Amino acid sequence: MHHLASDAPRLIRHYIAGEFVGSDRSFVKTSPVDGRPLATVCEAGADQVQDAVAVARAALNGPWGKLKTAERCAMLHRIADGIERRFDDFVAAEVADTGRPVSQARTLDIARGIANFRTFADLARTAHGELFQTPTADGAGALNYVVRKPLGVVAVISPWNLPLLLLTWKVAPALAMGNTVVAKPSEETPSSAALLAEVIDEAGLPPGVFNLLHGFGPDSTGEFLTRHPDLAAITFTGESRTGSTIMKAAADGVKDVSFELGGKNAAVVFADADFDAALDGVMRSTFTNAGQVCLCSERVYVERPIFEKFVAAMKARTEALRLGYPDDDGVAMGPLVSQGHRAKVLSYYRLAVEEGAKVVTGGGVPHFGDARDQGAFVQPTIWTGLPDHARCMREEVFGPVCHIAPFDTEDEAIRRANDSDYGLAACVWTTNLARAHRVAQQFHTGIAWVNTWFLRDLRSPFGGAKLSGLGREGGRHSLDFYSEITNICIKL
Ligand code: NAD
Ligand code: 6OD
């Protein structure tokens, strides 16, 4: 028996003004592993969005607004301590909602939730401002320096693929800089966010500083929230199309926006690469989280002399990936997040064949002969033979799949890697140092990795070019986005 969450469906409520509250409307969240109901989730209507924004606004002028930065940051560390204390509950919540391997939830998702709070607490506490001595005609000079103030109420809208990681990546710096927050996690993954509200409650944040609303996007909680006139900023991670819709909603009030959007990322493997390291790296960058990471490599370009060997090795490694229950020994991949997302991924599996792909491995649905057949599993898949203009080469699939193509020259590899409407991340695998710099600097992406993938330093800028996003978060970029910067000029 695989028990990772209670068998009794729970009621997941909102957190508004320091209280857990329900709604008239609700929906059922089911398990992507076997389809069983997991929880009834309340759906916030326009009136509850109104309440949450109003209390968040009022909280700016309450005790929260009077705290010193160091006191706020101590509260953020208390939130991190709270997640650590309930680590296993968070792991169970994330695993139940997503079906991902327990090992991933432990080492990536929940560990990063803690790190996000600690990192931004420390960065905000130690942040220093700019100061310029400015010459003036009378010779006395002037002093320009910068102070940061909270923006106001920040709306945080997050996706389902790395639920706690991506929610806290925005909530932590927003709170660290003294804002108040109304957050809406994805309807697919309400559970870890609900636990976060409990932890924040226990950490003693004043009521109204952090508010959590559950619900859908269009014609529901997400849209009501992003259209609210009293927000100071909207920070969003999700699909590029949704980002565009939210940007239109934000335009009327000229709200600040920060967007982390989709990707169609390339990995370029040169013949001089450490073959085994590149193979390990591309396996990880293709199949981590069943390909449901915005940074995953869906387009792999391999230099021709090693192309056949690389494809054969990827095929063997992919066929050895163990699909299964989250707590199975050695499980490498769980299901996709939902039946709806599986239908989308499978539609690309069919389209690839229509577009002329050779299916090297996978391309369908695994058969288990047990309850998992009611889940949202798909086979990990490799394609070759698609032209660069194929839709499967240009649109984000967001599943466990990559296309592998040969290339002949460095210039060709760079050109084809950059031939995308997206520009989130790219990887280059090579042992030639000069080439590593040359290629990485020419990628039209917000992030370029050399001989690695998804290696993060939370102080470094993170975000995408082109359709992949707007702005950068991470380190001082987050501190800048989540604060109103005033320049003070003093004539001496
Ligand atoms: P999504 O855009 O469907 O939903 C994201 C969130 O937005 C959810 O909470 C959803 O309810 C809400 N939403 C949807 N429509 C809305 C609307 N009209 N108004 C307000 N809110 C709305 O994305 P998803 O399917 O949850 O996530 C997968 C996508 O996210 C992929 O495209 C992936 O590449 C992208 N992503 C990007 C990054 C990054 O850092 N660049 C990180 C993770 C995921
Ligand atoms: O590591 C991060 O900070 C981050 N924002 C990762 C995004 C992953 C996308 O799925």
# chains A, B, ... in the order shown; residues from 1 in each chain; ligands from 1
call {"tool": "residues_near_ligand", "arguments": {"ligand": "ligand 2", "cutoff": "10 Å", "atoms": "only C-alpha atoms and all ligand atoms", "output": "PyMOL selection string"}}
result
chain A and resi 108-109+112-113+116+159-163+165-170+237-238+260-263+289+291-296+398+424+454-463+472-474
call {"tool": "write_last_selection", "arguments": {"atoms": "N, CA and C atoms", "output": "short mmCIF file (atom, residue, chain, number, x, y, z; two decimals), in the first residue's frame"}}
result
data_model
loop_
_atom_site.label_atom_id
_atom_site.label_comp_id
_atom_site.auth_asym_id
_atom_site.auth_seq_id
_atom_site.Cartn_x
_atom_site.Cartn_y
_atom_site.Cartn_z
N LEU A 108 14.46 18.96 -3.29
CA LEU A 108 14.29 20.17 -4.11
C LEU A 108 13.17 21.06 -3.55
N ASP A 109 11.94 20.58 -3.60
CA ASP A 109 10.80 21.47 -3.37
C ASP A 109 10.79 22.09 -1.97
N ARG A 112 13.99 24.01 -0.90
CA ARG A 112 14.06 25.36 -1.48
C ARG A 112 13.05 26.32 -0.85
N GLY A 113 11.91 25.79 -0.40
CA GLY A 113 10.96 26.66 0.30
C GLY A 113 11.63 27.28 1.53
N ASN A 116 14.40 29.75 0.43
CA ASN A 116 13.88 31.03 -0.08
C ASN A 116 13.66 32.01 1.08
N PRO A 159 2.25 28.74 -10.21
CA PRO A 159 1.81 27.58 -10.99
C PRO A 159 1.92 26.28 -10.17
N TRP A 160 1.65 25.17 -10.85
CA TRP A 160 1.59 23.89 -10.14
C TRP A 160 2.87 23.08 -10.23
N ASN A 161 3.83 23.51 -11.04
CA ASN A 161 4.90 22.54 -11.33
C ASN A 161 5.91 22.39 -10.19
N LEU A 162 6.25 23.49 -9.51
CA LEU A 162 7.10 23.41 -8.31
C LEU A 162 6.38 24.26 -7.26
N PRO A 163 5.32 23.74 -6.68
CA PRO A 163 4.36 24.62 -5.99
C PRO A 163 4.94 25.45 -4.85
N LEU A 165 8.11 25.84 -3.93
CA LEU A 165 9.34 26.53 -4.35
C LEU A 165 8.98 27.86 -5.04
N LEU A 166 8.04 27.80 -5.97
CA LEU A 166 7.76 28.99 -6.78
C LEU A 166 6.88 30.00 -6.04
N LEU A 167 6.04 29.50 -5.12
CA LEU A 167 5.24 30.42 -4.31
C LEU A 167 6.15 31.20 -3.36
N THR A 168 7.04 30.48 -2.67
CA THR A 168 7.88 31.14 -1.66
C THR A 168 8.99 31.98 -2.30
N TRP A 169 9.36 31.65 -3.52
CA TRP A 169 10.35 32.45 -4.27
C TRP A 169 9.87 33.89 -4.42
N LYS A 170 8.57 34.10 -4.36
CA LYS A 170 8.00 35.44 -4.49
C LYS A 170 7.48 35.97 -3.16
N THR A 237 4.14 33.57 -12.06
CA THR A 237 4.88 32.51 -12.77
C THR A 237 3.85 31.59 -13.40
N GLY A 238 4.02 31.33 -14.68
CA GLY A 238 3.08 30.45 -15.37
C GLY A 238 3.28 30.55 -16.87
N GLU A 260 7.62 35.28 -14.77
CA GLU A 260 8.49 34.14 -15.12
C GLU A 260 7.61 33.19 -15.91
N LEU A 261 7.89 33.05 -17.20
CA LEU A 261 6.93 32.39 -18.11
C LEU A 261 7.52 31.12 -18.72
N GLY A 262 6.99 30.73 -19.84
CA GLY A 262 7.34 29.42 -20.41
C GLY A 262 8.72 29.36 -21.03
N GLY A 263 9.09 28.17 -21.47
CA GLY A 263 10.39 27.99 -22.12
C GLY A 263 10.32 26.90 -23.18
N ASN A 289 11.16 15.98 -12.78
CA ASN A 289 9.76 16.37 -12.53
C ASN A 289 8.88 16.04 -13.73
N GLY A 291 9.53 16.34 -16.73
CA GLY A 291 9.65 17.41 -17.75
C GLY A 291 8.85 18.65 -17.42
N GLN A 292 8.29 18.71 -16.22
CA GLN A 292 7.43 19.86 -15.86
C GLN A 292 8.23 20.89 -15.07
N VAL A 293 9.35 21.30 -15.64
CA VAL A 293 10.13 22.41 -15.10
C VAL A 293 10.31 23.36 -16.27
N CYS A 294 10.08 24.64 -16.01
CA CYS A 294 10.17 25.61 -17.11
C CYS A 294 11.55 25.60 -17.76
N LEU A 295 12.55 25.09 -17.02
CA LEU A 295 13.94 25.12 -17.48
C LEU A 295 14.33 23.86 -18.26
N CYS A 296 13.42 22.90 -18.36
CA CYS A 296 13.76 21.62 -19.00
C CYS A 296 14.19 21.82 -20.45
N PHE A 398 6.01 20.79 -22.07
CA PHE A 398 5.98 20.71 -20.60
C PHE A 398 5.69 19.28 -20.13
N LEU A 424 14.26 31.41 -22.16
CA LEU A 424 14.43 31.26 -20.71
C LEU A 424 15.85 30.79 -20.36
N PHE A 454 20.15 23.71 -13.90
CA PHE A 454 19.35 24.01 -12.70
C PHE A 454 20.24 24.08 -11.46
N LEU A 455 21.45 24.61 -11.63
CA LEU A 455 22.31 24.87 -10.48
C LEU A 455 22.03 26.31 -10.08
N ARG A 456 21.54 26.51 -8.86
CA ARG A 456 21.03 27.83 -8.49
C ARG A 456 21.81 28.46 -7.36
N ASP A 457 22.10 29.74 -7.52
CA ASP A 457 22.55 30.57 -6.41
C ASP A 457 21.47 31.62 -6.29
N LEU A 458 20.77 31.66 -5.16
CA LEU A 458 19.56 32.49 -5.07
C LEU A 458 19.87 33.98 -5.08
N ARG A 459 21.17 34.33 -5.02
CA ARG A 459 21.53 35.74 -5.13
C ARG A 459 21.66 36.18 -6.58
N SER A 460 21.64 35.22 -7.51
CA SER A 460 21.88 35.57 -8.92
C SER A 460 20.55 35.84 -9.63
N PRO A 461 20.60 36.63 -10.73
CA PRO A 461 19.35 36.97 -11.42
C PRO A 461 18.73 35.77 -12.11
N PHE A 462 17.41 35.70 -12.05
CA PHE A 462 16.68 34.60 -12.67
C PHE A 462 15.51 35.18 -13.45
N GLY A 463 15.37 34.75 -14.70
CA GLY A 463 14.23 35.21 -15.50
C GLY A 463 14.49 34.92 -16.96
N ARG A 472 13.70 40.43 -13.84
CA ARG A 472 14.51 39.39 -13.21
C ARG A 472 14.20 39.37 -11.73
N GLU A 473 14.19 38.18 -11.15
CA GLU A 473 14.12 38.07 -9.69
C GLU A 473 15.37 37.35 -9.22
N GLY A 474 15.53 37.28 -7.90
CA GLY A 474 16.76 36.70 -7.34
C GLY A 474 17.64 37.81 -6.80
#
call {"tool": "residues_around", "arguments": {"residues": "segment 354-357 of chain A", "least_positions_apart": "5", "cutoff": "9 Å", "atoms": "only C-alpha atoms", "output": "ChimeraX atom specification"}}
result
/A:383-387,390-392,403
call {"tool": "closest_residue", "arguments": {"among": "A:Gly204, A:Gly35, A:Pro63, A:Pro135", "to": "Gly82 of chain A", "atoms": "only C-alpha atoms"}}
result
A:Gly204
call {"tool": "residues_around", "arguments": {"residues": "Ala52 of chain A", "least_positions_apart": "3", "cutoff": "6 Å", "atoms": "only C-alpha atoms", "output": "ChimeraX atom specification"}}
result
/A:16,49,55
call {"tool": "atom_distance", "arguments": {"atom1": "atom CA of Thr40 of chain A", "atom2": "atom CA of His341 of chain A"}}
result
20.1 Å
